[in-house]
Amino acid sequence: MDDVINKLIRHIKKNKIKYITISESNHRSYTSHTFQYKFVKALYENNIIDTFSSERMGINDSKIIDYYLENGLDIDEMIPKLFFGGMGFYRIFKYFSKKSFKDYKIVGLEEDNICKKVYDLFPKDLKISKTYNQKEREEFWLNNIKKIVKERGNLFINGYHLSKDDIIGKYFIDNFPKETLILSMASLEIKTQILLINRELYPGDNGFNRAIEKDDYITKVQKIDRIAPPTKIERKAKGWKLIKVDKHNRNEKIRAVGCYLALYEDEYKDKLNIVEEVSYKLKNYDYLILFEKSIYREKMIY
C-alpha cells in the first residue's frame with residue numbers, strides 16, 4: 001500500500017497535479033478507505049492538496065464538520081450528527097482535528113437529505129438549513145465543485161460518478177487536462193451486503209426500490225463472487241499494484257460496487273451473473289490501484 005502511495009506522490013509532484021478523483025472497490029471497503037486515508041495524509045504533508053471532499057458529504061455536513069474542527073470538539077461526538085459525512089472520512093476528520101484549522105478545508109458539495117428529528121442534535125448556535133436539489137444529483141454536485149475549485153485551486157475527492165465518463169470527471173479533463181488525475185480501485189475479493197428481494201411481494205420495474213424503502217429484504221454479507229466473479233485483470237491481484245491505463249489494457253474491466261447489490265431471491269438461488277452490470281472499463285481512469293482483499297465495514301464513513 002505505502003509503495004503505491006509513494007509512486008503516486010512522485011507522479012503527482014512531477015506533473016504538478018492539483019485535482020484528484022478516486023473510486024473505491026466498493027463503498028463498504030475498509031481497505032479502500034484505509035488507502036485513501038493514507039493518501040490524503042501524504043497529499044497534505046507533501047503540500048500538494050489542502051482541500052478534501054467525498055461522495056455523500058453534503059452542504060450541511062460541512063457546517064457541522066467545520067464547527068467541530070474549528071472549535072476543537074470531539075470528532076466521535078460529531079459523527080452521529082452528520083447526515084452522511086462522506087465515504088471513509090472518519091480517520092481523515094481525526095487527522096485534521098490535530099492540524100491548524102486555517103491550513104486545510106474539508107468541504108461538502110452534495111445535497112443533504114435531512115430528517116427533521118436530527119435538528120435537535122445540533123449545537124444551538126449552528127445554523128442548519130435545507131438544501132434543495134434543483135438539478136440532477138451530479139449537476140448539483142458539479143456546480144458546487146466549480147465554486148470550490150475557483151476558491152481553492154485544488155481538490156481531492158473520493159467516490160463514484162467521478163470518472164472520465166461522468167460529467168464531473170469531464171469537467172476536470174476539459175478544464176485542467178494536465179493537472180487532473182483520475183484513479184480507480186479494484187480488488188480480487190470483495191465482501192459486502194447482498195439484499196434479497198421477494199419477487200412476488202415486489203414485482204415490476206420499481207420493485208427493488210419499494211422493497212428497499214420499506215427495509216423488506218434479506219441481508220447477506222458475503223463475497224460477491226457468486227453473482228459477480230472477479231474480472232480478468234482483478235485475478236492478477238497479488239499484494240498491491242499500481243497499473244497505468246494504456247492502449248493494451250484500456251478495455252479491461254473492473255467491478256465497482258456501491259452500498260450493496262440487490263437481487264430477487266430466485267435470481268440469487270440460480271446464481272445469476274451480474275458482473276457486466278457492475279463493471280467499468282479502465283479507459284475511464286488514468287491508473288488502477290489493485291489489491292487482493294477488500295475488508296467489509298458496514299458503516300461507510302469509517
# chains A, B, ... in the order shown; residues from 1 in each chain; ligands from 1
>>> closest_atom_pairs(of="range 159-225 of chain A", to="range 239-250 of chain A", cutoff="10 Å", atoms="only C-alpha atoms", output="tab-separated table")
residue	atom	partner	partner_atom	distance
A:Leu183	CA	A:Lys244	CA	9.7
A:Ser184	CA	A:Ile243	CA	9.9
A:Met185	CA	A:Leu242	CA	9.4
A:Ser187	CA	A:Trp240	CA	9.5
>>> closest_atom_pairs(of="range 198-259 of chain A", to="range 156-180 of chain A", cutoff="12 Å", atoms="only C-alpha atoms", output="CSV")
residue,atom,partner,partner_atom,distance
A:Arg255,CA,A:Tyr160,CA,11.8
A:Ala256,CA,A:Tyr160,CA,8.3
A:Val257,CA,A:Tyr160,CA,9.3
A:Gly258,CA,A:Tyr160,CA,8.1
A:Cys259,CA,A:Tyr160,CA,11.1
>>> atom_distance(atom1="CA of Tyr217 in chain A", atom2="CA of Asn198 in chain A")
7.2 Å
>>> select_by_dssp(residues="range 84-253 of chain A", states="helix (DSSP H, G or I)", output="number ranges by chain")
A: 90-96, 101-103, 116-121, 137-152, 167-175, 207-213, 224-226, 234-236
>>> residues_around(residues="Arg28 in chain A", least_positions_apart="5", cutoff="6 Å", atoms="only C-alpha atoms", output="list in words")
Tyr296, Arg297, Glu298 and Met300 of chain A
>>> write_last_selection(atoms="C-alpha atoms", output="short mmCIF file (atom, residue, chain, number, x, y, z; two decimals), in the first residue's frame")
data_model
loop_
_atom_site.label_atom_id
_atom_site.label_comp_id
_atom_site.auth_asym_id
_atom_site.auth_seq_id
_atom_site.Cartn_x
_atom_site.Cartn_y
_atom_site.Cartn_z
CA TYR A 296 -16.07 -5.16 4.76
CA ARG A 297 -17.15 -2.37 7.11
CA GLU A 298 -20.89 -1.71 7.41
CA MET A 300 -19.21 3.54 5.26
#
>>> closest_residue(among="A:Leu282, A:Ile65, A:Val40, A:Leu288", to="Gly88 in chain A", atoms="only C-alpha atoms")
A:Val40
>>> closest_residue(among="A:Phe84, A:Tyr104, A:Tyr68, A:Phe89", to="Glu45 in chain A", atoms="only C-alpha atoms")
A:Tyr104
>>> atom_distance(atom1="CA of Pro229 in chain A", atom2="CA of Val275 in chain A")
6.4 Å
>>> residues_around(residues="range 11-16 of chain A", least_positions_apart="4", cutoff="10 Å", atoms="only C-alpha atoms", output="count of residues only")
12
>>> atom_distance(atom1="CA of Ile59 in chain A", atom2="CA of Lys98 in chain A")
22.9 Å
>>> closest_residue(among="A:Arg199, A:Lys191, A:Lys236, A:Lys41", to="Lys220 in chain A", atoms="only C-alpha atoms")
A:Lys191
>>> closest_residue(among="A:Gly85, A:Tyr37, A:Glu77, A:Leu142", to="Ile301 in chain A", atoms="only C-alpha atoms")
A:Gly85
>>> residues_around(residues="Asp103 in chain A", least_positions_apart="3", cutoff="12 Å", atoms="only C-alpha atoms", output="JSON, numbers by chain")
{"A": [44, 45, 47, 49, 50, 51, 52, 69, 70, 96, 97, 98, 99, 100, 106, 152]}
>>> closest_residue(among="A:Lys105, A:Lys293, A:Arg137, A:His27", to="Gly86 in chain A", atoms="only C-alpha atoms")
A:His27
>>> select_by_dssp(residues="range 127-208 of chain A", states="strand (DSSP E)", output="list of chain:residue names")
A:Leu155, A:Phe156, A:Ile157, A:Asn158, A:Thr180, A:Leu181, A:Ile182, A:Leu183, A:Ser184, A:Met185, A:Ala186, A:Ser187, A:Leu188, A:Glu189, A:Ile190, A:Lys191, A:Thr192, A:Gln193, A:Ile194, A:Leu195, A:Leu196, A:Ile197
>>> decode(residues="range 151-201 of chain A", atoms="N, CA and C atoms", output="short mmCIF file (atom, residue, chain, number, x, y, z; two decimals), in the first residue's frame")
data_model
loop_
_atom_site.label_atom_id
_atom_site.label_comp_id
_atom_site.auth_asym_id
_atom_site.auth_seq_id
_atom_site.Cartn_x
_atom_site.Cartn_y
_atom_site.Cartn_z
N GLU A 151 -12.38 28.83 -5.68
CA GLU A 151 -11.96 29.38 -4.39
C GLU A 151 -10.60 28.83 -3.95
N ARG A 152 -10.36 27.52 -4.15
CA ARG A 152 -9.20 26.86 -3.55
C ARG A 152 -8.10 26.48 -4.53
N GLY A 153 -8.47 26.19 -5.78
CA GLY A 153 -7.45 25.84 -6.77
C GLY A 153 -6.88 24.45 -6.66
N ASN A 154 -7.47 23.59 -5.83
CA ASN A 154 -7.05 22.20 -5.73
C ASN A 154 -8.16 21.41 -5.05
N LEU A 155 -8.20 20.08 -5.30
CA LEU A 155 -9.25 19.27 -4.69
C LEU A 155 -8.91 17.79 -4.80
N PHE A 156 -9.09 17.07 -3.69
CA PHE A 156 -9.12 15.61 -3.66
C PHE A 156 -10.55 15.21 -3.35
N ILE A 157 -11.12 14.27 -4.12
CA ILE A 157 -12.48 13.81 -3.83
C ILE A 157 -12.61 12.33 -4.17
N ASN A 158 -13.23 11.58 -3.27
CA ASN A 158 -13.39 10.15 -3.49
C ASN A 158 -14.85 9.78 -3.73
N GLY A 159 -15.06 8.58 -4.27
CA GLY A 159 -16.40 8.09 -4.54
C GLY A 159 -16.59 7.75 -6.01
N TYR A 160 -17.78 7.33 -6.37
CA TYR A 160 -18.11 7.03 -7.76
C TYR A 160 -18.64 8.29 -8.45
N HIS A 161 -19.03 8.17 -9.71
CA HIS A 161 -19.56 9.28 -10.51
C HIS A 161 -18.48 10.34 -10.76
N LEU A 162 -17.22 9.93 -10.76
CA LEU A 162 -16.12 10.89 -10.88
C LEU A 162 -15.14 10.51 -11.99
N SER A 163 -15.49 9.53 -12.82
CA SER A 163 -14.57 9.05 -13.85
C SER A 163 -14.57 9.98 -15.06
N LYS A 164 -13.73 9.67 -16.04
CA LYS A 164 -13.66 10.47 -17.26
C LYS A 164 -14.96 10.43 -18.06
N ASP A 165 -15.80 9.44 -17.77
CA ASP A 165 -17.05 9.27 -18.50
C ASP A 165 -18.23 9.94 -17.78
N ASP A 166 -17.98 10.55 -16.62
CA ASP A 166 -19.01 11.25 -15.85
C ASP A 166 -18.84 12.75 -16.02
N ILE A 167 -19.90 13.51 -15.76
CA ILE A 167 -19.81 14.96 -16.02
C ILE A 167 -18.79 15.65 -15.12
N ILE A 168 -18.56 15.13 -13.93
CA ILE A 168 -17.57 15.74 -13.04
C ILE A 168 -16.16 15.48 -13.57
N GLY A 169 -15.88 14.23 -13.92
CA GLY A 169 -14.57 13.92 -14.50
C GLY A 169 -14.33 14.68 -15.79
N LYS A 170 -15.37 14.78 -16.64
CA LYS A 170 -15.23 15.51 -17.90
C LYS A 170 -14.91 16.97 -17.66
N TYR A 171 -15.51 17.55 -16.62
CA TYR A 171 -15.22 18.95 -16.29
C TYR A 171 -13.73 19.14 -15.98
N PHE A 172 -13.18 18.26 -15.15
CA PHE A 172 -11.76 18.38 -14.81
C PHE A 172 -10.87 18.15 -16.02
N ILE A 173 -11.18 17.12 -16.82
CA ILE A 173 -10.38 16.83 -18.00
C ILE A 173 -10.44 17.97 -19.01
N ASP A 174 -11.63 18.54 -19.22
CA ASP A 174 -11.80 19.62 -20.20
C ASP A 174 -11.12 20.91 -19.75
N ASN A 175 -11.14 21.19 -18.45
CA ASN A 175 -10.63 22.48 -17.97
C ASN A 175 -9.23 22.42 -17.39
N PHE A 176 -8.82 21.27 -16.89
CA PHE A 176 -7.49 21.15 -16.28
C PHE A 176 -6.84 19.83 -16.71
N PRO A 177 -6.68 19.63 -18.02
CA PRO A 177 -6.23 18.32 -18.52
C PRO A 177 -4.89 17.87 -17.99
N LYS A 178 -3.95 18.79 -17.82
CA LYS A 178 -2.61 18.42 -17.36
C LYS A 178 -2.51 18.37 -15.83
N GLU A 179 -3.51 18.91 -15.14
CA GLU A 179 -3.45 18.99 -13.68
C GLU A 179 -4.39 18.01 -13.00
N THR A 180 -5.03 17.14 -13.79
CA THR A 180 -6.04 16.22 -13.25
C THR A 180 -5.55 14.78 -13.27
N LEU A 181 -5.85 14.05 -12.20
CA LEU A 181 -5.53 12.63 -12.11
C LEU A 181 -6.80 11.89 -11.67
N ILE A 182 -7.24 10.93 -12.46
CA ILE A 182 -8.46 10.18 -12.17
C ILE A 182 -8.10 8.73 -11.91
N LEU A 183 -8.36 8.28 -10.68
CA LEU A 183 -7.90 6.97 -10.21
C LEU A 183 -9.08 6.04 -9.93
N SER A 184 -8.82 4.75 -10.08
CA SER A 184 -9.81 3.73 -9.70
C SER A 184 -9.15 2.72 -8.77
N MET A 185 -9.98 2.01 -8.02
CA MET A 185 -9.50 0.95 -7.14
C MET A 185 -10.31 -0.31 -7.43
N ALA A 186 -9.65 -1.47 -7.33
CA ALA A 186 -10.32 -2.74 -7.55
C ALA A 186 -9.68 -3.81 -6.70
N SER A 187 -10.45 -4.84 -6.39
CA SER A 187 -9.98 -5.91 -5.51
C SER A 187 -10.37 -7.27 -6.07
N LEU A 188 -9.52 -8.25 -5.82
CA LEU A 188 -9.83 -9.63 -6.20
C LEU A 188 -11.01 -10.17 -5.39
N GLU A 189 -11.01 -9.89 -4.10
CA GLU A 189 -12.06 -10.37 -3.21
C GLU A 189 -12.82 -9.20 -2.62
N ILE A 190 -14.10 -9.12 -2.95
CA ILE A 190 -14.96 -8.04 -2.45
C ILE A 190 -16.07 -8.66 -1.60
N LYS A 191 -16.16 -8.22 -0.38
CA LYS A 191 -17.21 -8.69 0.53
C LYS A 191 -18.09 -7.50 0.89
N THR A 192 -19.39 -7.65 0.70
CA THR A 192 -20.30 -6.54 1.01
C THR A 192 -21.72 -7.08 1.21
N GLN A 193 -22.68 -6.17 1.29
CA GLN A 193 -24.07 -6.57 1.50
C GLN A 193 -24.74 -7.00 0.19
N ILE A 194 -25.45 -8.11 0.25
CA ILE A 194 -26.33 -8.54 -0.84
C ILE A 194 -27.75 -8.54 -0.28
N LEU A 195 -28.65 -7.81 -0.93
CA LEU A 195 -30.03 -7.70 -0.48
C LEU A 195 -30.92 -8.58 -1.37
N LEU A 196 -31.65 -9.49 -0.76
CA LEU A 196 -32.50 -10.41 -1.49
C LEU A 196 -33.97 -10.00 -1.35
N ILE A 197 -34.62 -9.77 -2.49
CA ILE A 197 -35.98 -9.24 -2.54
C ILE A 197 -36.95 -10.35 -2.96
N ASN A 198 -38.13 -10.37 -2.34
CA ASN A 198 -39.18 -11.32 -2.70
C ASN A 198 -39.91 -10.80 -3.94
N ARG A 199 -39.77 -11.54 -5.06
CA ARG A 199 -40.34 -11.09 -6.33
C ARG A 199 -41.87 -10.99 -6.28
N GLU A 200 -42.53 -11.92 -5.58
CA GLU A 200 -43.99 -11.93 -5.52
C GLU A 200 -44.53 -10.70 -4.79
N LEU A 201 -43.81 -10.27 -3.76
CA LEU A 201 -44.25 -9.10 -2.99
C LEU A 201 -43.89 -7.79 -3.69
#
